[in-house]
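The structure file entry-v9.cif is reproduced below (mmCIF, C-alpha atoms and all ligand atoms).
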```
data_start
loop_
_atom_site.group_PDB
_atom_site.id
_atom_site.type_symbol
_atom_site.label_atom_id
_atom_site.label_comp_id
_atom_site.auth_asym_id
_atom_site.auth_seq_id
_atom_site.Cartn_x
_atom_site.Cartn_y
_atom_site.Cartn_z
ATOM 1 C CA MET A 286 1.394 -19.796 1.418
ATOM 2 C CA THR A 287 -1.938 -21.190 2.365
ATOM 3 C CA GLY A 288 -4.130 -18.940 4.375
ATOM 4 C CA LEU A 289 -2.494 -15.559 3.802
ATOM 5 C CA PRO A 290 -4.077 -12.678 1.897
ATOM 6 C CA ASP A 291 -2.549 -10.527 -0.800
ATOM 7 C CA TYR A 292 -3.861 -7.108 0.041
ATOM 8 C CA HIS A 293 -2.102 -4.919 -2.532
ATOM 9 C CA VAL A 294 -2.642 -5.631 -6.217
ATOM 10 C CA HIS A 295 -2.839 -3.300 -9.252
ATOM 11 C CA THR A 296 -4.753 -3.713 -12.492
ATOM 12 C CA PHE A 297 -4.052 -2.326 -15.968
ATOM 13 C CA ARG A 298 -6.050 0.792 -15.075
ATOM 14 C CA CYS A 299 -3.165 2.316 -13.152
ATOM 15 C CA GLY A 300 -1.194 2.531 -16.426
ATOM 16 C CA HIS A 301 1.855 0.590 -15.221
ATOM 17 C CA ALA A 302 0.443 -2.888 -14.568
ATOM 18 C CA GLY A 303 -0.696 -5.581 -16.963
ATOM 19 C CA GLY A 304 -2.742 -8.730 -17.245
ATOM 20 C CA SER A 305 -6.431 -9.385 -16.860
ATOM 21 C CA SER A 306 -7.868 -8.840 -13.425
ATOM 22 C CA ARG A 307 -9.360 -12.340 -13.525
ATOM 23 C CA ASP A 308 -5.852 -13.802 -13.941
ATOM 24 C CA PHE A 309 -4.749 -12.078 -10.732
ATOM 25 C CA VAL A 310 -7.504 -13.964 -8.910
ATOM 26 C CA HIS A 311 -6.503 -17.244 -10.564
ATOM 27 C CA GLY A 312 -2.923 -16.565 -9.458
ATOM 28 C CA ALA A 313 -4.068 -16.049 -5.877
ATOM 29 C CA ILE A 314 -6.022 -19.305 -5.918
ATOM 30 C CA ALA A 315 -3.088 -21.203 -7.451
ATOM 31 C CA ARG A 316 -0.827 -19.979 -4.637
ATOM 32 C CA GLY A 317 -3.305 -21.011 -1.953
ATOM 33 C CA LEU A 318 -3.974 -17.479 -0.752
ATOM 34 C CA SER A 319 -7.069 -16.910 1.363
ATOM 35 C CA GLU A 320 -7.961 -13.507 -0.058
ATOM 36 C CA ILE A 321 -6.992 -11.025 -2.728
ATOM 37 C CA ALA A 322 -7.675 -7.308 -2.554
ATOM 38 C CA PHE A 323 -7.555 -5.165 -5.655
ATOM 39 C CA THR A 324 -6.067 -1.827 -4.663
ATOM 40 C CA ASP A 325 -5.682 0.316 -7.732
ATOM 41 C CA HIS A 326 -4.270 3.816 -7.391
ATOM 42 C CA ILE A 327 -6.809 6.509 -6.640
ATOM 43 C CA PRO A 328 -7.003 9.161 -9.392
ATOM 44 C CA LEU A 329 -4.402 11.852 -8.691
ATOM 45 C CA TYR A 330 -7.004 14.153 -7.147
ATOM 46 C CA PHE A 331 -4.412 16.392 -5.468
ATOM 47 C CA LEU A 332 -2.652 17.429 -8.689
ATOM 48 C CA PRO A 333 -3.936 19.811 -11.375
ATOM 49 C CA GLU A 334 -5.544 17.838 -14.172
ATOM 50 C CA ASP A 335 -2.789 18.453 -16.706
ATOM 51 C CA ALA A 336 -0.191 17.155 -14.217
ATOM 52 C CA ARG A 337 -1.884 13.766 -13.689
ATOM 53 C CA ASP A 338 0.408 11.219 -15.313
ATOM 54 C CA PRO A 339 -1.804 8.448 -16.789
ATOM 55 C CA LYS A 340 1.072 6.022 -16.206
ATOM 56 C CA LEU A 341 0.779 6.440 -12.434
ATOM 57 C CA ALA A 342 -2.877 6.095 -11.522
ATOM 58 C CA MET A 343 -6.287 5.409 -12.974
ATOM 59 C CA SER A 344 -8.171 8.302 -14.495
ATOM 60 C CA GLU A 345 -11.363 9.627 -12.960
ATOM 61 C CA GLU A 346 -13.393 8.109 -15.822
ATOM 62 C CA ASP A 347 -12.026 4.643 -14.953
ATOM 63 C CA PHE A 348 -13.094 4.791 -11.328
ATOM 64 C CA ASP A 349 -16.662 3.454 -11.563
ATOM 65 C CA GLY A 350 -15.638 0.695 -13.992
ATOM 66 C CA TYR A 351 -12.917 -0.388 -11.589
ATOM 67 C CA VAL A 352 -15.341 -0.704 -8.692
ATOM 68 C CA ARG A 353 -17.851 -2.607 -10.840
ATOM 69 C CA GLU A 354 -15.214 -5.010 -12.144
ATOM 70 C CA VAL A 355 -13.945 -5.933 -8.678
ATOM 71 C CA GLU A 356 -17.492 -6.343 -7.364
ATOM 72 C CA GLY A 357 -18.163 -8.650 -10.332
ATOM 73 C CA LEU A 358 -15.075 -10.740 -9.562
ATOM 74 C CA ARG A 359 -16.142 -10.960 -5.931
ATOM 75 C CA GLU A 360 -19.403 -12.597 -7.049
ATOM 76 C CA GLU A 361 -17.755 -14.769 -9.701
ATOM 77 C CA PHE A 362 -15.239 -16.277 -7.266
ATOM 78 C CA ARG A 363 -17.505 -16.510 -4.230
ATOM 79 C CA GLY A 364 -16.852 -19.845 -2.490
ATOM 80 C CA GLN A 365 -13.376 -20.129 -4.056
ATOM 81 C CA ILE A 366 -11.532 -17.104 -2.690
ATOM 82 C CA ALA A 367 -12.483 -13.837 -1.035
ATOM 83 C CA VAL A 368 -12.042 -10.968 -3.494
ATOM 84 C CA ARG A 369 -11.879 -7.625 -1.697
ATOM 85 C CA LEU A 370 -12.540 -4.170 -3.050
ATOM 86 C CA GLY A 371 -9.682 -1.898 -2.084
ATOM 87 C CA LEU A 372 -7.946 1.261 -3.136
ATOM 88 C CA GLU A 373 -4.398 2.560 -2.785
ATOM 89 C CA ALA A 374 -5.092 6.121 -1.773
ATOM 90 C CA ASP A 375 -2.393 8.755 -1.803
ATOM 91 C CA TYR A 376 -2.217 10.985 1.213
ATOM 92 C CA ALA A 377 -1.500 14.562 0.152
ATOM 93 C CA GLU A 378 -1.189 17.185 2.841
ATOM 94 C CA GLY A 379 -3.888 19.835 2.625
ATOM 95 C CA HIS A 380 -6.142 17.734 0.391
ATOM 96 C CA GLU A 381 -7.764 15.638 3.124
ATOM 97 C CA GLU A 382 -11.320 16.729 2.338
ATOM 98 C CA ALA A 383 -10.993 15.868 -1.348
ATOM 99 C CA LEU A 384 -9.645 12.463 -0.352
ATOM 100 C CA ALA A 385 -12.537 11.850 2.025
ATOM 101 C CA ARG A 386 -14.968 12.685 -0.791
ATOM 102 C CA TRP A 387 -13.297 10.133 -3.082
ATOM 103 C CA LEU A 388 -13.389 7.465 -0.394
ATOM 104 C CA ALA A 389 -17.127 8.048 0.094
ATOM 105 C CA ARG A 390 -17.786 6.994 -3.501
ATOM 106 C CA ALA A 391 -17.649 3.213 -2.935
ATOM 107 C CA GLU A 392 -18.112 0.641 -0.209
ATOM 108 C CA TRP A 393 -14.514 -0.458 0.302
ATOM 109 C CA ASP A 394 -13.303 -3.539 2.098
ATOM 110 C CA LEU A 395 -10.025 -1.782 2.783
ATOM 111 C CA VAL A 396 -8.230 1.428 1.907
ATOM 112 C CA LEU A 397 -4.430 1.484 1.738
ATOM 113 C CA GLY A 398 -2.821 4.737 2.764
ATOM 114 C CA SER A 399 0.290 5.658 0.807
ATOM 115 C CA VAL A 400 2.664 8.575 0.898
ATOM 116 C CA HIS A 401 4.388 8.964 -2.463
ATOM 117 C CA TRP A 402 4.186 12.760 -2.736
ATOM 118 C CA VAL A 403 6.802 14.324 -0.469
ATOM 119 C CA ALA A 404 7.959 17.953 -0.420
ATOM 120 C CA GLY A 405 6.432 18.755 -3.781
ATOM 121 C CA GLY A 406 7.384 15.656 -5.769
ATOM 122 C CA TRP A 407 7.304 11.866 -5.976
ATOM 123 C CA ILE A 408 9.623 10.265 -3.425
ATOM 124 C CA ASP A 409 10.073 7.105 -5.516
ATOM 125 C CA ASP A 410 10.353 8.356 -9.108
ATOM 126 C CA PRO A 411 13.187 6.249 -10.581
ATOM 127 C CA SER A 412 14.371 8.991 -12.942
ATOM 128 C CA ARG A 413 14.110 12.000 -10.632
ATOM 129 C CA SER A 414 14.661 10.675 -7.125
ATOM 130 C CA PRO A 415 18.473 10.277 -7.349
ATOM 131 C CA ALA A 416 18.803 14.004 -8.061
ATOM 132 C CA ARG A 417 16.277 14.835 -5.339
ATOM 133 C CA PHE A 418 18.114 12.823 -2.700
ATOM 134 C CA ALA A 419 21.408 14.448 -3.717
ATOM 135 C CA ARG A 420 19.952 17.955 -3.662
ATOM 136 C CA GLU A 421 17.542 17.839 -0.723
ATOM 137 C CA GLY A 422 19.334 15.312 1.451
ATOM 138 C CA ALA A 423 18.186 11.858 2.451
ATOM 139 C CA ASP A 424 17.759 12.781 6.115
ATOM 140 C CA PHE A 425 15.375 15.603 5.229
ATOM 141 C CA LEU A 426 13.364 13.519 2.744
ATOM 142 C CA TYR A 427 13.050 10.587 5.133
ATOM 143 C CA ASP A 428 11.952 12.813 8.014
ATOM 144 C CA GLU A 429 9.472 14.630 5.824
ATOM 145 C CA TYR A 430 8.134 11.320 4.520
ATOM 146 C CA TYR A 431 7.553 9.962 8.040
ATOM 147 C CA ARG A 432 5.995 13.243 9.147
ATOM 148 C CA LEU A 433 3.476 12.896 6.320
ATOM 149 C CA LEU A 434 2.931 9.208 7.060
ATOM 150 C CA ALA A 435 2.091 10.060 10.682
ATOM 151 C CA LYS A 436 -0.282 12.757 9.493
ATOM 152 C CA ALA A 437 -1.870 10.330 7.063
ATOM 153 C CA ALA A 438 -2.472 7.846 9.880
ATOM 154 C CA ARG A 439 -4.014 10.532 12.062
ATOM 155 C CA THR A 440 -6.665 11.318 9.439
ATOM 156 C CA GLY A 441 -8.231 7.957 10.280
ATOM 157 C CA LEU A 442 -9.039 7.522 6.577
ATOM 158 C CA PHE A 443 -6.888 4.408 6.076
ATOM 159 C CA ASP A 444 -7.130 0.759 7.113
ATOM 160 C CA VAL A 445 -3.582 -0.231 6.172
ATOM 161 C CA LEU A 446 -0.456 1.854 5.679
ATOM 162 C CA ALA A 447 1.462 0.722 2.593
ATOM 163 C CA HIS A 448 5.238 0.367 2.132
ATOM 164 C CA PHE A 449 6.073 1.973 5.489
ATOM 165 C CA ASP A 450 9.735 2.667 4.607
ATOM 166 C CA LEU A 451 9.242 3.559 0.937
ATOM 167 C CA PRO A 452 12.039 6.187 0.625
ATOM 168 C CA LYS A 453 14.598 3.350 0.589
ATOM 169 C CA LYS A 454 13.143 1.948 -2.675
ATOM 170 C CA HIS A 455 16.021 2.931 -4.939
ATOM 171 C CA GLY A 456 18.675 2.376 -2.300
ATOM 172 C CA HIS A 457 18.901 5.916 -0.912
ATOM 173 C CA ARG A 458 19.707 5.682 2.790
ATOM 174 C CA PRO A 459 19.673 8.379 5.447
ATOM 175 C CA ARG A 460 22.970 9.281 7.046
ATOM 176 C CA SER A 461 21.695 8.140 10.420
ATOM 177 C CA PRO A 462 18.608 6.050 11.295
ATOM 178 C CA ARG A 463 15.490 8.237 11.446
ATOM 179 C CA MET A 464 14.315 6.693 14.726
ATOM 180 C CA ALA A 465 12.407 9.689 16.102
ATOM 181 C CA ALA A 466 10.518 10.276 12.867
ATOM 182 C CA GLN A 467 9.748 6.576 12.531
ATOM 183 C CA ASP A 468 8.614 6.323 16.151
ATOM 184 C CA ALA A 469 6.218 9.222 15.676
ATOM 185 C CA ALA A 470 4.749 7.497 12.614
ATOM 186 C CA ILE A 471 4.460 4.196 14.494
ATOM 187 C CA ARG A 472 2.708 5.945 17.393
ATOM 188 C CA ALA A 473 0.244 7.669 15.074
ATOM 189 C CA THR A 474 -0.452 4.371 13.318
ATOM 190 C CA ARG A 475 -1.046 2.621 16.627
ATOM 191 C CA GLU A 476 -3.445 5.336 17.766
ATOM 192 C CA SER A 477 -5.359 5.266 14.484
ATOM 193 C CA GLY A 478 -5.958 1.521 14.669
ATOM 194 C CA ALA A 479 -4.581 1.082 11.136
ATOM 195 C CA ALA A 480 -2.498 -1.933 10.191
ATOM 196 C CA VAL A 481 0.840 -1.985 8.368
ATOM 197 C CA GLU A 482 1.436 -4.182 5.318
ATOM 198 C CA ILE A 483 4.373 -6.546 5.156
ATOM 199 C CA SER A 484 5.126 -6.100 1.476
ATOM 200 C CA SER A 485 7.399 -8.262 -0.637
ATOM 201 C CA ALA A 486 7.587 -5.519 -3.290
ATOM 202 C CA GLY A 487 10.809 -4.048 -1.949
ATOM 203 C CA LEU A 488 12.500 -7.393 -2.632
ATOM 204 C CA ARG A 489 11.927 -6.758 -6.357
ATOM 205 C CA LYS A 490 13.283 -3.192 -6.185
ATOM 206 C CA PRO A 491 16.889 -1.938 -6.155
ATOM 207 C CA VAL A 492 16.860 -1.883 -2.328
ATOM 208 C CA GLY A 493 16.242 -5.661 -2.296
ATOM 209 C CA GLU A 494 14.506 -5.539 1.069
ATOM 210 C CA ALA A 495 10.897 -6.038 2.162
ATOM 211 C CA TYR A 496 8.810 -3.148 3.471
ATOM 212 C CA PRO A 497 9.285 -2.732 6.396
ATOM 213 C CA GLU A 498 12.720 -4.186 7.076
ATOM 214 C CA LEU A 499 13.178 -6.433 10.105
ATOM 215 C CA GLY A 500 14.294 -3.839 12.674
ATOM 216 C CA LEU A 501 11.509 -1.415 11.819
ATOM 217 C CA LEU A 502 8.899 -4.165 11.583
ATOM 218 C CA THR A 503 9.960 -5.443 15.010
ATOM 219 C CA ARG A 504 9.334 -1.994 16.510
ATOM 220 C CA ILE A 505 5.990 -1.710 14.717
ATOM 221 C CA VAL A 506 4.866 -5.082 16.048
ATOM 222 C CA ALA A 507 6.162 -4.326 19.562
ATOM 223 C CA ALA A 508 4.068 -1.145 19.527
ATOM 224 C CA GLY A 509 0.956 -3.250 19.029
ATOM 225 C CA VAL A 510 0.279 -2.297 15.417
ATOM 226 C CA PRO A 511 -1.459 -5.101 13.481
ATOM 227 C CA VAL A 512 0.007 -6.323 10.200
ATOM 228 C CA THR A 513 -1.180 -7.882 6.980
ATOM 229 C CA PHE A 514 0.520 -9.302 3.874
ATOM 230 C CA SER A 515 0.892 -8.012 0.342
ATOM 231 C CA SER A 516 2.959 -8.150 -2.831
ATOM 232 C CA ASP A 517 2.073 -4.878 -4.609
ATOM 233 C CA ALA A 518 1.642 -7.121 -7.665
ATOM 234 C CA HIS A 519 1.558 -5.415 -11.044
ATOM 235 C CA ALA A 520 1.175 -8.687 -12.996
ATOM 236 C CA PRO A 521 -0.694 -11.938 -12.249
ATOM 237 C CA ALA A 522 2.613 -13.802 -11.694
ATOM 238 C CA GLU A 523 3.453 -11.418 -8.852
ATOM 239 C CA VAL A 524 0.404 -12.223 -6.731
ATOM 240 C CA GLY A 525 1.639 -13.723 -3.466
ATOM 241 C CA TRP A 526 5.206 -13.300 -4.725
ATOM 242 C CA GLY A 527 8.001 -13.492 -2.149
ATOM 243 C CA TYR A 528 5.869 -14.753 0.739
ATOM 244 C CA GLU A 529 8.398 -17.531 1.346
ATOM 245 C CA ARG A 530 10.617 -14.672 2.542
ATOM 246 C CA THR A 531 8.111 -12.316 4.149
ATOM 247 C CA LEU A 532 6.411 -14.973 6.280
ATOM 248 C CA PRO A 533 9.715 -15.872 8.029
ATOM 249 C CA LEU A 534 10.419 -12.116 8.294
ATOM 250 C CA ALA A 535 7.096 -11.664 10.082
ATOM 251 C CA ARG A 536 7.863 -14.493 12.484
ATOM 252 C CA ALA A 537 11.315 -13.073 13.196
ATOM 253 C CA ALA A 538 9.717 -9.714 14.014
ATOM 254 C CA GLY A 539 7.406 -11.321 16.571
ATOM 255 C CA VAL A 540 4.220 -11.406 14.515
ATOM 256 C CA VAL A 541 1.766 -14.017 15.789
ATOM 257 C CA GLU A 542 -1.366 -12.853 14.013
ATOM 258 C CA PHE A 543 -2.358 -10.829 10.981
ATOM 259 C CA VAL A 544 -5.534 -8.989 10.066
ATOM 260 C CA THR A 545 -7.984 -9.127 7.203
ATOM 261 C CA PHE A 546 -10.736 -6.663 6.300
ATOM 262 C CA GLU A 547 -14.296 -6.905 5.149
ATOM 263 C CA LYS A 548 -16.223 -3.689 4.618
ATOM 264 C CA ARG A 549 -13.452 -1.984 6.577
ATOM 265 C CA ARG A 550 -13.988 -4.210 9.616
ATOM 266 C CA LYS A 551 -10.715 -5.635 10.901
ATOM 267 C CA ILE A 552 -10.529 -9.350 11.725
ATOM 268 C CA ALA A 553 -7.513 -10.879 13.521
ATOM 269 C CA ARG A 554 -6.279 -14.300 12.394
ATOM 270 C CA ALA A 555 -3.498 -16.583 13.614
ATOM 271 C CA LEU A 556 -0.345 -16.658 11.518
ATOM 272 C CA PRO A 557 -0.178 -19.975 9.621
ATOM 273 C CA ARG A 558 2.511 -22.421 10.741
HETATM 274 ZN ZN ZN A 601 2.453 2.654 -3.572
HETATM 275 ZN ZN ZN A 602 0.904 -0.150 -5.069
#
```

Show the structure stored in the file as structure tokens.
Amino acid sequence: MTGLPDYHVHTFRCGHAGGSSRDFVHGAIARGLSEIAFTDHIPLYFLPEDARDPKLAMSEEDFDGYVREVEGLREEFRGQIAVRLGLEADYAEGHEEALARWLARAEWDLVLGSVHWVAGGWIDDPSRSPARFAREGADFLYDEYYRLLAKAARTGLFDVLAHFDLPKKHGHRPRSPRMAAQDAAIRATRESGAAVEISSAGLRKPVGEAYPELGLLTRIVAAGVPVTFSSDAHAPAEVGWGYERTLPLARAAGVVEFVTFEKRRKIARALPR
């Protein structure tokens, strides 16, 4: 997939990914990608310290080492592939100032905005989410998720919104399409100038569908929201994974260009043929 970036990649620090960070870069080069952005999970700043699961995100002590390692890889691979310093940053309602303080601690190329924490719990926890969807209702959880996603976009803290339709991850579907809630999130994204990732990760999950799916992606693109490409890789072999399916998906949705980021400046590029 020559010429596309992979803008969502996790290292061992997040507690649920493996492999050496250098091997992720080698994987990106082997697949002909133009860029790779490391985007480890921000420490779980919005939870009390004893509730921060080390299997979900890097610890606060790991933060500086993470930034230094990615900056080192950027130098090491200069001239071969662009290595970007990114972060997958949870949006948590009411904790915007703490988030802004975290984001001020490094000079990012791009910050992914993610909503995983919805109505007091993780929306995508494989062990707990089935019970949550049964108890709280899929329509409610989807609407609440998109409300938070819109709010996240409006903070202006994010360059790219990750896995736009995440609540579907384990196959839980709303009873009717959540068009109004989605449209509000799309509008907020458009107004914020943030891009949306076309992520192959959903293809590896029970839902078996990219984020966002074709209909939603088509509306996002029609609204004038820029897109970029990612795998949400948690192992070197997953870098650039599934692009042979997400590139045609992008074309089918009307995408003609994608964006890359350097020091949070957005650059538009033509979609490869
Ligand atoms: Zn995520
Ligand atoms: Zn991720």

> Which value, in Å to one decimal, gives the distance between CA of Phe309 in chain A and CA of Gly350 in chain A?
Replying inline: 17.1 Å

>> Using all atoms listed in the file, which residues have at least one atom no more than 9 Å from ligand ZN 601 (chain A)? Output them as number ranges by chain.
In response: A: 293, 326, 373-375, 397-401, 447-448, 451, 517

Atoms to include: C-alpha atoms. Write the selected residues as a compact mmCIF listing (two decimals), in the frame of the given file.
```txt
# COMPACT_ATOMS: atom_id res chain seq x y z
CA HIS A 293 -2.10 -4.92 -2.53
CA HIS A 326 -4.27 3.82 -7.39
CA GLU A 373 -4.40 2.56 -2.78
CA ALA A 374 -5.09 6.12 -1.77
CA ASP A 375 -2.39 8.76 -1.80
CA LEU A 397 -4.43 1.48 1.74
CA GLY A 398 -2.82 4.74 2.76
CA SER A 399 0.29 5.66 0.81
CA VAL A 400 2.66 8.57 0.90
CA HIS A 401 4.39 8.96 -2.46
CA ALA A 447 1.46 0.72 2.59
CA HIS A 448 5.24 0.37 2.13
CA LEU A 451 9.24 3.56 0.94
CA ASP A 517 2.07 -4.88 -4.61
```

> Exactly which residues make up the result of the PyMOL selection byres (((chain A and resi 463) around 12) and not hetatm) on this file, given as a list of chain:residue names?
Replying inline: A:Ala423, A:Asp424, A:Phe425, A:Leu426, A:Tyr427, A:Asp428, A:Glu429, A:Tyr430, A:Tyr431, A:Arg432, A:Asp450, A:Pro452, A:Lys453, A:Arg458, A:Pro459, A:Arg460, A:Ser461, A:Pro462, A:Met464, A:Ala465, A:Ala466, A:Gln467, A:Asp468, A:Ala469, A:Ala470, A:Leu501

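With only C-alpha atoms and all ligand atoms as the atoms that count, the minimum distance from ligand ZN 602 (chain A) to the choices A:Leu534, A:Ala416, A:Ala518, A:Leu395 is reached by A:Ala518.
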
Just need the box for range 320-331 of chain A, edges along x, y and z, holding every atom the file lists for it with 6 Å tacked onto each side, so centre and edge lengths in Å to one decimal, as JSON.
```
{"center_x": -6.1, "center_y": 1.4, "center_z": -4.7, "size_x": 15.7, "size_y": 41.9, "size_z": 21.3}
```

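Evaluated against the shown file, the PyMOL selection byres (((chain A and resi 409) around 8) and not hetatm) gives His401, Trp407, Ile408, Asp410, Pro411, Ser414, Leu451, Pro452, Lys454 and His455 of chain A.
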
Limited to C-alpha atoms, could you put the picked residues into a file as a PDB file, in the coordinates of the input?
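Printed below is part.pdb as written:
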```pdb
ATOM      1  CA  HIS A 401       4.388   8.964  -2.463  1.00  0.00           C
ATOM      2  CA  TRP A 407       7.304  11.866  -5.976  1.00  0.00           C
ATOM      3  CA  ILE A 408       9.623  10.265  -3.425  1.00  0.00           C
ATOM      4  CA  ASP A 410      10.353   8.356  -9.108  1.00  0.00           C
ATOM      5  CA  PRO A 411      13.187   6.249 -10.581  1.00  0.00           C
ATOM      6  CA  SER A 414      14.661  10.675  -7.125  1.00  0.00           C
ATOM      7  CA  LEU A 451       9.242   3.559   0.937  1.00  0.00           C
ATOM      8  CA  PRO A 452      12.039   6.187   0.625  1.00  0.00           C
ATOM      9  CA  LYS A 454      13.143   1.948  -2.675  1.00  0.00           C
ATOM     10  CA  HIS A 455      16.021   2.931  -4.939  1.00  0.00           C
TER      11      HIS A 455
END
```

Taking a cut-off of 9 Å and counting only C-alpha atoms, can you build a table that, for each residue of range 453-502 of chain A near range 439-445 of chain A, reports the nearest atom pair and how far apart they are in Å (one decimal), sorted by chain then residue number, as JSON lines?
```
{"residue": "A:Ala473", "atom": "CA", "partner": "A:Arg439", "partner_atom": "CA", "distance": 5.9}
{"residue": "A:Thr474", "atom": "CA", "partner": "A:Arg439", "partner_atom": "CA", "distance": 7.2}
{"residue": "A:Glu476", "atom": "CA", "partner": "A:Arg439", "partner_atom": "CA", "distance": 7.7}
{"residue": "A:Ser477", "atom": "CA", "partner": "A:Gly441", "partner_atom": "CA", "distance": 5.8}
{"residue": "A:Gly478", "atom": "CA", "partner": "A:Asp444", "partner_atom": "CA", "distance": 7.7}
{"residue": "A:Ala479", "atom": "CA", "partner": "A:Asp444", "partner_atom": "CA", "distance": 4.8}
{"residue": "A:Ala480", "atom": "CA", "partner": "A:Val445", "partner_atom": "CA", "distance": 4.5}
{"residue": "A:Val481", "atom": "CA", "partner": "A:Val445", "partner_atom": "CA", "distance": 5.2}
{"residue": "A:Glu482", "atom": "CA", "partner": "A:Val445", "partner_atom": "CA", "distance": 6.4}
```

>> Suppose a student applies the PyMOL selection byres (((chain A and resi 515) around 6) and not hetatm) to this structure; what residues should they get, written as a list in words?
In response: Asp291, Tyr292, His293, Ser484, Phe514, Ser516 and Asp517 of chain A

Identify the residues around (0.3, 1.7, -18.9) within a radius of 6 Å, measuring from all atoms listed in the file in the coordinates stated by the file, and give them as a tab-separated table (two decimals) with C-alpha atoms, keeping the file's coordinate frame.
```
chain	number	residue	atom	x	y	z
A	300	GLY	CA	-1.19	2.53	-16.43
A	301	HIS	CA	1.86	0.59	-15.22
A	340	LYS	CA	1.07	6.02	-16.21
```

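Atom pair CA of Val524 in chain A / atom ZN of ligand ZN 602 (chain A): separated by 12.2 Å.
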
> Which neighbours of Ile366 in chain A fall inside 8 Å, counting all atoms listed in the file, when residues of the same chain fewer than 2 positions from it are skipped, and could you give them as a list in words?
Replying inline: Ile314, Leu318, Ser319, Glu320, Ile321, Phe362, Arg363, Gly364 and Val368 of chain A

Write out N, CA and C atoms for range 394-405 of chain A, as a PDB file, in the frame of the given file.
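selection.pdb, freshly written:
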```pdb
ATOM      1  N   ASP A 394     -13.693  -2.597   1.047  1.00  0.00           N
ATOM      2  CA  ASP A 394     -13.303  -3.539   2.098  1.00  0.00           C
ATOM      3  C   ASP A 394     -12.103  -2.991   2.857  1.00  0.00           C
ATOM      4  N   LEU A 395     -11.176  -2.387   2.116  1.00  0.00           N
ATOM      5  CA  LEU A 395     -10.025  -1.782   2.783  1.00  0.00           C
ATOM      6  C   LEU A 395      -9.435  -0.670   1.910  1.00  0.00           C
ATOM      7  N   VAL A 396      -8.896   0.319   2.588  1.00  0.00           N
ATOM      8  CA  VAL A 396      -8.230   1.428   1.907  1.00  0.00           C
ATOM      9  C   VAL A 396      -6.776   1.465   2.386  1.00  0.00           C
ATOM     10  N   LEU A 397      -5.858   1.357   1.419  1.00  0.00           N
ATOM     11  CA  LEU A 397      -4.430   1.484   1.738  1.00  0.00           C
ATOM     12  C   LEU A 397      -4.065   2.962   1.730  1.00  0.00           C
ATOM     13  N   GLY A 398      -3.332   3.375   2.735  1.00  0.00           N
ATOM     14  CA  GLY A 398      -2.821   4.737   2.764  1.00  0.00           C
ATOM     15  C   GLY A 398      -1.363   4.743   2.328  1.00  0.00           C
ATOM     16  N   SER A 399      -1.066   5.583   1.340  1.00  0.00           N
ATOM     17  CA  SER A 399       0.290   5.658   0.807  1.00  0.00           C
ATOM     18  C   SER A 399       0.770   7.091   0.798  1.00  0.00           C
ATOM     19  N   VAL A 400       2.034   7.268   1.094  1.00  0.00           N
ATOM     20  CA  VAL A 400       2.664   8.575   0.898  1.00  0.00           C
ATOM     21  C   VAL A 400       3.709   8.406  -0.195  1.00  0.00           C
ATOM     22  N   HIS A 401       3.406   8.937  -1.373  1.00  0.00           N
ATOM     23  CA  HIS A 401       4.388   8.964  -2.463  1.00  0.00           C
ATOM     24  C   HIS A 401       4.821  10.401  -2.756  1.00  0.00           C
ATOM     25  N   TRP A 402       3.957  11.353  -2.386  1.00  0.00           N
ATOM     26  CA  TRP A 402       4.186  12.760  -2.736  1.00  0.00           C
ATOM     27  C   TRP A 402       4.795  13.449  -1.520  1.00  0.00           C
ATOM     28  N   VAL A 403       6.060  13.786  -1.610  1.00  0.00           N
ATOM     29  CA  VAL A 403       6.802  14.324  -0.469  1.00  0.00           C
ATOM     30  C   VAL A 403       7.517  15.608  -0.881  1.00  0.00           C
ATOM     31  N   ALA A 404       7.273  16.673  -0.161  1.00  0.00           N
ATOM     32  CA  ALA A 404       7.959  17.953  -0.420  1.00  0.00           C
ATOM     33  C   ALA A 404       7.874  18.360  -1.891  1.00  0.00           C
ATOM     34  N   GLY A 405       6.671  18.235  -2.434  1.00  0.00           N
ATOM     35  CA  GLY A 405       6.432  18.755  -3.781  1.00  0.00           C
ATOM     36  C   GLY A 405       6.829  17.853  -4.927  1.00  0.00           C
TER      37      GLY A 405
END
```
